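These notes concern the structure reproduced below.
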Amino acid sequence: MELRREIINKLKEWKERCNRKPILLKGARQIGKTWVMERFGTLCYKNYVKFDFDRQPELKEVFKTTKEPERIIKELALYTDQPIGPEETLIIFDEIQECEEALNSLKYFYEDAPQYHIIATGSLLGVAVRRRNMTVPVGKVTILRMYPLSFREFLDVSDHQVYEYISQLSELKKLPEIILNKLNAEYRRYMVCGGMPEAVVGLLENKGMGEVDAILQDILDLYELDFAKYADSREIPRIHALWHSLPAQLAKENRKFIYKVVKSGARSKDYEDALMWLEDAGMIYRVYDISKPGLPLSAHQEFNSFKVYACDCGLLRRLANLPAIAILENTAGFTEFKGALAENIVLESMLPFMDTTLFTYWTSAGTAEVEFVIQWQLDIIPIEVKAGSKISGSSLAVYSKKYEPEYRIRFSSLNLQFNGGLLSAPAPMAAWFPMIYPLLNKTKPLVSKC
């Protein structure tokens with residue numbers, strides 16, 4: 001089974017740019033970065049060549065002896081049976097964190113030899129750069145972030161007919177019940193397996209939940225090994241404790257990150273580096289509280305108040321040791337964590353298509369909370385997330401009364417409708433936000449000039 005990754009469309013756009021820079025592809029482990037690069041090379045180039053600095057340590061000598069791109073290419077050609085042609089060969093530098101000289105060479109390829117198309121990536125690239133104090137050629141590379149498989153990509157394979165229907169919406173009206181039911185059913189399946197490609201394939205090929213859980217556990221175990229391999233020894237227990245506290249942090253009614261949940265008596269200064277490690281590894285997303293929803297949102301963040309989400313809902317479920325049946329059958333007692341999982345999946349559904357968007361949240365003296373507040377162009381948009389069909393609660397109303405936003409959004413399991421500035425949409429449609437939001441303007445009545 002072949003998954004279709006939408007990031008390849010971004011890579012195609014990059015290929016056609018006249019001022020193209022080498023790409024640094026960043027993202028969590030096991031999300032399919034190497035597969036995407038190779039697939040892109042196969043689809044869009046005459047050929048591709050891959051140089052792995054971990055498996056081929058002898059490659060490092062090439063970059064230590066020269067900074068001239070043409071000489072580097074001539075020497076790299078000795079390590080491959082494929083020709084390396086300008087414009088027609090995709091050059092892949094894998095595990096580039098193992099060779100700082102190769103990382104620095106990207107600057108010279110951009111300045112002196114832009115005819116060579118280069119994508120570089122590596123395991124925990126952000127972590128390695130920070131830990132080793134490596135120099136990144138700022139301004140000379142394009143940073144491209146990759147995420148786990150989104151629900152949109154999952155649905156494209158699991159039920160392409162429903163995917164096409166949602167992708168072609170041109171107006172905000174109720175979905176046919178058969179579409180809504182299928183959409184919510186596939187969404188529950190995605191909640192179970194998440195977006196790690198191997199787990200997705202296991203689920204869609206009907207290998208059984210035992211196999212899917214084994215795949216997810218293998219990835220979690222690999223992450224644990226990464227702590228020991230890439231973190232300072234004094235930080236390892238803190239990173240481990242933070243990561244394993246994630247289900248407890250999110251299961252609280254108030255999901256604000258609290259250090260004492262990690263360890264009694266824990267202080268922020270002791271754990272900030274560990275939090276940054278997990279962020280650099282792409283394993284968590286940090287969302288800050290805001291004092292008020294003003295432009296720009298970045299100016300109103302409260303950096304001592306934040307929530308932490310997992311990069312992938314499947315890994316979060318497995319980390320919490322939550323059986324898949326609890327999600328698939330909506331088991332009693334699965335309430336607080338159900339809400340946390342709903343928030344997590346909405347965030348990870350939107351990020352791949354809005355990765356330059358700042359996600360924040362809003363609280364009011366502990367009495368009201370809006371799960372997400374985003375800045376989309378010049379609009380500040382509150383987003384409420386409900387885990388099911390029960391939409392009771394006054395938080396969005398409190399926010400709306402105080403700030404009078406033009407538009408509000410609520411994601412739940414209810415059908416699509418737009419009324420009085422409130423867009424109520426099925427949570428699975430969060431991944432289509434950039435397409436849906438422009439449709440709101442079409443609902444405005446025309447004003448006569450007479």
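Scheme for the structure tokens: letters A, B, ... for chains in order shown; per-chain residue numbers from 1; ligand numbers from 1 in order shown.
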
Those in stretch 203-406 of chain A with helix (DSSP H, G or I) from DSSP, as a ChimeraX atom specification: /A:203-204,209-230,236-251,259-262,268-280,297-300,313-319,324-328,336-353,395-403

Contacts of stretch 425-429 of chain A within 6 Å, only C-alpha atoms, excl. fewer than 2 positions in-chain, as a PyMOL selection string: chain A and resi 411-416+431-432

Go through stretch 238-334 of chain A residue by residue and, counting only C-alpha atoms, keep those with an atom at most 8 Å from stretch 192-214 of chain A; for each kept residue give the shortest atom pair and its distance in Å to one decimal, ordered by chain and increasing number, as a Markdown table.
| residue | atom | partner | partner_atom | distance |
| --- | --- | --- | --- | --- |
| A:Asp312 | CA | A:Gly194 | CA | 5.8 |
| A:Cys313 | CA | A:Gly194 | CA | 5.0 |
| A:Gly314 | CA | A:Gly194 | CA | 3.8 |
| A:Leu315 | CA | A:Gly194 | CA | 6.9 |
| A:Arg317 | CA | A:Val192 | CA | 7.1 |
| A:Arg318 | CA | A:Asp213 | CA | 7.0 |
| A:Ala324 | CA | A:Val192 | CA | 5.6 |
| A:Ile327 | CA | A:Val192 | CA | 7.1 |
| A:Leu328 | CA | A:Val192 | CA | 7.9 |

Atom CA of A:Leu242 to atom CA of A:Leu316, distance in Å rounded to a single decimal: 13.1 Å

For A:Leu76, list every protein, DNA or RNA residue within 9 Å, evaluated using only C-alpha atoms, and leave out those in the same chain fewer than 5 positions away; present the list as a list in words.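 The contact residues come out as Phe51, Leu59, Val62, Arg71 and Ile84 of chain A.
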
Can you work out which one of A:Val308, A:Leu155, A:Leu222, A:Ala365 has the shortest atom-to-atom distance to A:Leu183, counting only C-alpha atoms?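 Comparing A:Val308, A:Leu155, A:Leu222, A:Ala365 against A:Leu183, the winner is A:Leu155.
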
Can you pull out every residue within 6 Å of A:Glu95, counting only C-alpha atoms, but drop anything in the same chain fewer than 2 positions away, and send it as a ChimeraX atom specification? /A:52-54,97,121-122

Selected residues, N, CA and C atoms, written as a CSV table (one decimal), in the first residue's frame, please.
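New file selection-v3.csv:
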chain,number,residue,atom,x,y,z
A,52,ASP,N,24.4,8.7,2.9
A,52,ASP,CA,24.1,8.6,4.3
A,52,ASP,C,25.3,8.7,5.1
A,53,PHE,N,25.4,9.8,5.9
A,53,PHE,CA,26.7,10.1,6.6
A,53,PHE,C,26.8,9.2,7.9
A,54,ASP,N,25.8,8.5,8.3
A,54,ASP,CA,25.9,7.5,9.4
A,54,ASP,C,26.4,6.2,8.9
A,97,GLN,N,23.5,15.4,10.3
A,97,GLN,CA,24.0,15.9,11.6
A,97,GLN,C,25.3,15.2,11.9
A,121,THR,N,18.5,15.9,5.5
A,121,THR,CA,17.8,15.6,6.7
A,121,THR,C,18.6,14.8,7.7
A,122,GLY,N,18.1,14.5,8.9
A,122,GLY,CA,18.8,13.7,9.8
A,122,GLY,C,18.0,13.4,11.0

I need the residue nearest A:Ala231 from this list: A:Leu216, A:Val261, A:Arg132, A:Phe306. Use only C-alpha atoms for the distance. A:Arg132

List the neighbours of A:Tyr79 out to 10 Å using only C-alpha atoms; skip same-chain residues closer than 4 positions along the sequence, and give me the result as a PyMOL selection string. chain A and resi 49-51+56+58-59+74-75

Rows by chain and residue number, stretch 91-125 of chain A within 6 Å of stretch 1-24 of chain A, shortest pair, only C-alpha atoms, as a Markdown table:
| residue | atom | partner | partner_atom | distance |
| --- | --- | --- | --- | --- |
| A:Tyr110 | CA | A:Lys21 | CA | 5.6 |
| A:Ile118 | CA | A:Pro22 | CA | 5.0 |
| A:Ile119 | CA | A:Ile23 | CA | 4.7 |
| A:Ala120 | CA | A:Leu24 | CA | 5.0 |
| A:Thr121 | CA | A:Leu24 | CA | 5.7 |

Check the smallest atom-to-atom distance from each of A:Asn304, A:Leu439, A:Lys140, A:Thr363 to A:Gln417 using only C-alpha atoms, then report the winner.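 When distances to A:Gln417 are compared using only C-alpha atoms, the smallest one comes from A:Leu439.
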